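Next comes entry_2.txt, a file with compact mmCIF, C-alpha atoms.
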```txt
# COMPACT_ATOMS: atom_id res chain seq x y z
CA MET A 1 19.79 -12.68 19.40
CA VAL A 2 16.28 -11.27 19.93
CA LEU A 3 16.58 -9.25 16.72
CA LEU A 4 17.46 -12.33 14.71
CA GLU A 5 14.58 -14.25 16.31
CA LEU A 6 12.18 -11.40 15.52
CA PHE A 7 13.39 -11.28 11.93
CA TRP A 8 13.07 -15.07 11.55
CA SER A 9 9.63 -15.17 13.18
CA PHE A 10 8.22 -12.47 10.95
CA LEU A 11 9.95 -13.90 7.89
CA LYS A 12 8.07 -17.16 8.53
CA ILE A 13 4.85 -15.19 9.00
CA GLY A 14 5.42 -13.29 5.75
CA PHE A 15 6.07 -16.46 3.77
CA THR A 16 3.25 -18.54 5.23
CA SER A 17 0.36 -16.10 5.45
CA PHE A 18 -1.50 -14.09 2.87
CA GLY A 19 -1.49 -10.75 4.64
CA GLY A 20 -4.16 -9.00 6.63
CA LEU A 21 -6.06 -10.87 9.29
CA SER A 22 -4.58 -14.23 8.27
CA MET A 23 -1.33 -13.12 9.92
CA ILE A 24 -2.82 -12.59 13.37
CA PRO A 25 -2.90 -16.24 14.55
CA LEU A 26 0.70 -16.66 13.41
CA ILE A 27 1.79 -13.45 15.10
CA THR A 28 -0.01 -14.51 18.28
CA GLU A 29 1.69 -17.90 18.26
CA GLU A 30 5.15 -16.40 17.72
CA MET A 31 4.72 -13.73 20.40
CA LEU A 32 3.44 -16.21 22.97
CA SER A 33 5.92 -18.99 22.18
CA HIS A 34 8.91 -16.64 22.56
CA GLY A 35 7.47 -14.98 25.64
CA TRP A 36 7.67 -11.55 24.06
CA MET A 37 4.05 -10.76 24.96
CA THR A 38 1.04 -12.06 26.79
CA ALA A 39 -2.21 -12.90 25.00
CA GLU A 40 -3.73 -9.66 26.28
CA GLN A 41 -0.84 -7.62 24.93
CA VAL A 42 -1.14 -9.30 21.52
CA SER A 43 -4.85 -8.52 21.53
CA ASP A 44 -4.09 -4.87 22.33
CA ILE A 45 -1.50 -4.70 19.55
CA VAL A 46 -3.92 -6.18 17.03
CA GLY A 47 -6.52 -3.60 18.03
CA ILE A 48 -4.02 -0.77 17.61
CA ALA A 49 -2.80 -2.20 14.30
CA GLU A 50 -6.39 -2.32 13.02
CA MET A 51 -6.94 1.35 13.90
CA THR A 52 -3.74 2.73 12.39
CA PRO A 53 -3.33 3.33 8.66
CA GLY A 54 -1.44 0.71 6.69
CA PRO A 55 -1.39 -3.05 6.38
CA VAL A 56 -2.41 -4.90 9.55
CA GLY A 57 0.49 -7.37 9.32
CA LEU A 58 3.07 -4.62 8.97
CA ASN A 59 1.53 -2.60 11.79
CA CYS A 60 1.48 -5.69 14.02
CA ALA A 61 5.12 -6.39 13.15
CA THR A 62 6.04 -2.81 14.04
CA PHE A 63 4.25 -2.81 17.39
CA ALA A 64 5.37 -6.33 18.29
CA GLY A 65 8.97 -5.53 17.39
CA ILE A 66 8.90 -2.35 19.47
CA ARG A 67 7.43 -4.27 22.40
CA ALA A 68 10.02 -7.05 22.16
CA ALA A 69 13.17 -5.05 21.36
CA HIS A 70 12.32 -1.36 20.89
CA LEU A 71 13.15 0.39 17.58
CA PRO A 72 15.71 -2.20 16.39
CA GLY A 73 13.08 -4.88 17.04
CA ALA A 74 10.53 -2.99 14.94
CA LEU A 75 13.04 -2.74 12.10
CA ALA A 76 13.91 -6.45 12.31
CA ALA A 77 10.24 -7.49 12.40
CA ASN A 78 9.33 -5.18 9.51
CA LEU A 79 12.23 -6.40 7.41
CA GLY A 80 11.23 -9.98 8.11
CA VAL A 81 7.55 -9.54 7.23
CA LEU A 82 8.39 -7.52 4.10
CA MET A 83 11.14 -9.80 2.83
CA PRO A 84 8.83 -12.23 0.95
CA SER A 85 7.12 -9.40 -0.95
CA LEU A 86 10.40 -7.64 -1.63
CA THR A 87 11.97 -10.87 -2.85
CA LEU A 88 9.10 -11.63 -5.21
CA CYS A 89 9.08 -8.07 -6.56
CA VAL A 90 12.83 -8.11 -7.21
CA LEU A 91 12.60 -11.50 -8.90
CA ALA A 92 9.68 -10.32 -11.04
CA ALA A 93 11.57 -7.15 -12.00
CA VAL A 94 14.69 -9.15 -12.95
CA PHE A 95 12.60 -11.61 -14.95
CA PHE A 96 10.68 -8.84 -16.72
CA ALA A 97 13.92 -6.98 -17.54
CA LYS A 98 15.19 -10.12 -19.25
CA VAL A 99 12.05 -10.78 -21.29
CA LYS A 100 10.73 -7.25 -21.94
CA ASP A 101 12.05 -7.26 -25.51
CA SER A 102 10.50 -10.64 -26.29
CA VAL A 103 7.92 -10.67 -29.07
CA ARG A 104 5.54 -12.72 -26.91
CA VAL A 105 5.79 -10.25 -24.02
CA GLN A 106 5.18 -7.34 -26.39
CA GLN A 107 2.11 -9.13 -27.75
CA MET A 108 0.89 -9.79 -24.22
CA MET A 109 1.31 -6.12 -23.30
CA VAL A 110 -0.90 -5.18 -26.26
CA GLY A 111 -3.72 -6.80 -24.30
CA VAL A 112 -2.65 -5.75 -20.82
CA ARG A 113 -2.38 -2.01 -21.51
CA PRO A 114 -6.00 -1.56 -22.66
CA ALA A 115 -7.18 -3.69 -19.74
CA CYS A 116 -5.35 -1.39 -17.30
CA LEU A 117 -6.77 1.68 -19.03
CA GLY A 118 -10.26 0.17 -18.82
CA LEU A 119 -9.86 -0.47 -15.09
CA ILE A 120 -8.68 3.10 -14.50
CA CYS A 121 -11.61 4.47 -16.51
CA ALA A 122 -14.07 2.30 -14.58
CA VAL A 123 -12.74 3.57 -11.25
CA THR A 124 -12.87 7.15 -12.54
CA VAL A 125 -16.51 6.79 -13.59
CA GLN A 126 -17.41 5.10 -10.31
CA LEU A 127 -15.73 7.84 -8.26
CA ALA A 128 -17.32 10.56 -10.40
CA MET A 129 -20.78 9.08 -9.82
CA THR A 130 -20.31 9.19 -6.05
CA ASN A 131 -18.46 12.52 -5.84
CA TYR A 132 -20.26 14.65 -8.43
CA GLN A 133 -23.81 14.74 -7.10
CA PRO A 134 -26.34 17.21 -8.52
CA GLY A 135 -26.54 20.29 -6.34
CA PRO A 136 -24.91 23.67 -5.82
CA SER A 137 -21.37 22.26 -5.80
CA PHE A 138 -21.78 20.21 -9.01
CA VAL A 139 -20.62 22.80 -11.57
CA PRO A 140 -17.63 24.12 -9.55
CA ALA A 141 -16.51 20.55 -8.81
CA LEU A 142 -16.80 19.64 -12.48
CA LEU A 143 -14.77 22.73 -13.46
CA ILE A 144 -12.07 21.89 -10.89
CA GLY A 145 -11.89 18.34 -12.28
CA ALA A 146 -11.62 19.63 -15.85
CA ALA A 147 -8.92 22.13 -14.86
CA ASP A 148 -7.01 19.36 -13.10
CA THR A 149 -7.13 17.19 -16.20
CA VAL A 150 -5.80 20.03 -18.37
CA LEU A 151 -3.04 20.89 -15.89
CA LEU A 152 -1.93 17.26 -15.63
CA LEU A 153 -2.11 16.30 -19.30
CA ARG A 154 -1.39 19.53 -21.19
CA PHE A 155 0.93 21.38 -18.82
CA HIS A 156 2.46 18.35 -17.07
CA TRP A 157 1.98 19.65 -13.54
CA ASN A 158 2.90 17.22 -10.79
CA VAL A 159 0.13 15.58 -8.77
CA PRO A 160 0.85 17.19 -5.35
CA ARG A 161 0.73 20.64 -6.93
CA VAL A 162 -2.61 19.86 -8.63
CA LEU A 163 -4.01 18.45 -5.37
CA LEU A 164 -3.06 21.58 -3.45
CA LEU A 165 -4.58 23.83 -6.10
CA SER A 166 -7.75 21.72 -6.18
CA ALA A 167 -8.10 21.81 -2.41
CA GLY A 168 -7.72 25.59 -2.42
CA LEU A 169 -10.23 25.99 -5.23
CA GLY A 170 -12.64 23.69 -3.43
CA LEU A 171 -12.42 25.82 -0.30
CA LEU A 172 -12.92 29.04 -2.27
CA LEU A 173 -15.64 27.93 -4.67
CA ILE A 174 -17.62 25.34 -2.72
CA ARG A 175 -16.88 26.05 0.94
```
Now, as a test, write the supplied structure out as structure tokens.
Amino acid sequence: MVLLELFWSFLKIGFTSFGGLSMIPLITEEMLSHGWMTAEQVSDIVGIAEMTPGPVGLNCATFAGIRAAHLPGALAANLGVLMPSLTLCVLAAVFFAKVKDSVRVQQMMVGVRPACLGLICAVTVQLAMTNYQPGPSFVPALLIGAADTVLLLRFHWNVPRVLLLSAGLGLLLIR
């Protein structure tokens, strides 16, 4: 019964909040109203969730579920808080699969693709400006970046392999 209540509580939280810190008052209310935690324990869990990598709401769901019903509770809470996003993604995928051959969708994608490419280029330039600073490591870093580009685009290496090579080259060339 606790697992179903955890799932339902976090399902409500997932559907009625917008992620991040907006989930915390709802999580607090659910934890206190069911008696799963005290206010101090919720505060501790929020602090831990803020420090750990990943979305705050998902981290809170994990820790609250573990506190209320151990590992099965964490799974129930996570499934509940993720269900709205998963549902919307599945519905969007089904809808897109049905309309992907539409002339209007194809026309729309003609505009969307360059916009995405522009955003990626803007991020690349912004990262390059902060990471490639003039100094002794500038030329080796630029060469590593150029080699990565060639390996990815010309030789179709996978990203983890390129990252490992780049890290090794960085250690050897730049120290």
Legend entry - 9 Å contact set for segment 29-31 of chain A, all atoms listed in the file, chain neighbours under 3 positions out, as a list in words: Leu6, Ser9, Phe10, Ile13, Ile24, Pro25, Leu26, His34, Gly35, Trp36, Met37, Thr38, Ala39, Val42, Ala64 and Ala68 of chain A
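The two atoms in question, atom CA of Pro84 of chain A and atom CA of Lys12 of chain A, are spaced 9.1 Å apart.
Shell of Thr62 of chain A at 9 Å, with all atoms listed in the file counted and residues fewer than 6 places along the chain excluded, is A:Ala49, A:Leu71, A:Gly73, A:Ala74, A:Leu75, A:Ala76, A:Ala77, A:Asn78.
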Could you write out that same residue set with C-alpha atoms as a PDB file, keeping the file's coordinate frame?
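The result, written out as part-v7.pdb:
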```pdb
ATOM      1  CA  ALA A  49      -2.800  -2.200  14.300  1.00  0.00           C
ATOM      2  CA  LEU A  71      13.150   0.390  17.580  1.00  0.00           C
ATOM      3  CA  GLY A  73      13.080  -4.880  17.040  1.00  0.00           C
ATOM      4  CA  ALA A  74      10.530  -2.990  14.940  1.00  0.00           C
ATOM      5  CA  LEU A  75      13.040  -2.740  12.100  1.00  0.00           C
ATOM      6  CA  ALA A  76      13.910  -6.450  12.310  1.00  0.00           C
ATOM      7  CA  ALA A  77      10.240  -7.490  12.400  1.00  0.00           C
ATOM      8  CA  ASN A  78       9.330  -5.180   9.510  1.00  0.00           C
TER       9      ASN A  78
END
```
What separates atom CA of Gly54 of chain A and atom CA of Met83 of chain A is a distance of 16.8 Å
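A straight line drawn from atom CA of Ser85 of chain A to atom CA of Phe15 of chain A is 8.6 Å long.
Proximity to Gly80 of chain A was assessed for A:Thr28, A:Thr130, A:Leu58, A:Met23 counting only C-alpha atoms; the smallest distance is recorded for A:Leu58.
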Within 12 Å of segment 86-107 of chain A, which residues of segment 111-173 of chain A show up? Give each one with its shortest atom-to-atom distance in Å (one decimal) and the two atoms involved, counting all atoms listed in the file, rows by chain then rising residue number, as a tab-separated table.
```
residue	atom	partner	partner_atom	distance
A:Gly111	CA	A:Gln107	CA	7.2
A:Val112	CA	A:Gln107	CA	9.1
A:Arg113	CA	A:Gln106	CA	10.5
```
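With all atoms listed in the file taken into account, the protein and nucleic acid residues at most 10 Å from Ala128 of chain A (excluding it and anything under 5 positions from it in its own chain) are Ala122, Val123, Gln133, Leu142 and Gly145 of chain A.
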The residue from A:Asn59, A:Asn131, A:Ser137, A:Thr149 with the smallest atom-to-atom distance to Arg175 of chain A, counting only C-alpha atoms, is A:Ser137
The residue from A:Pro160, A:Pro140, A:Gly57, A:Gly65 with the smallest atom-to-atom distance to Phe18 of chain A, counting all atoms listed in the file, is A:Gly57
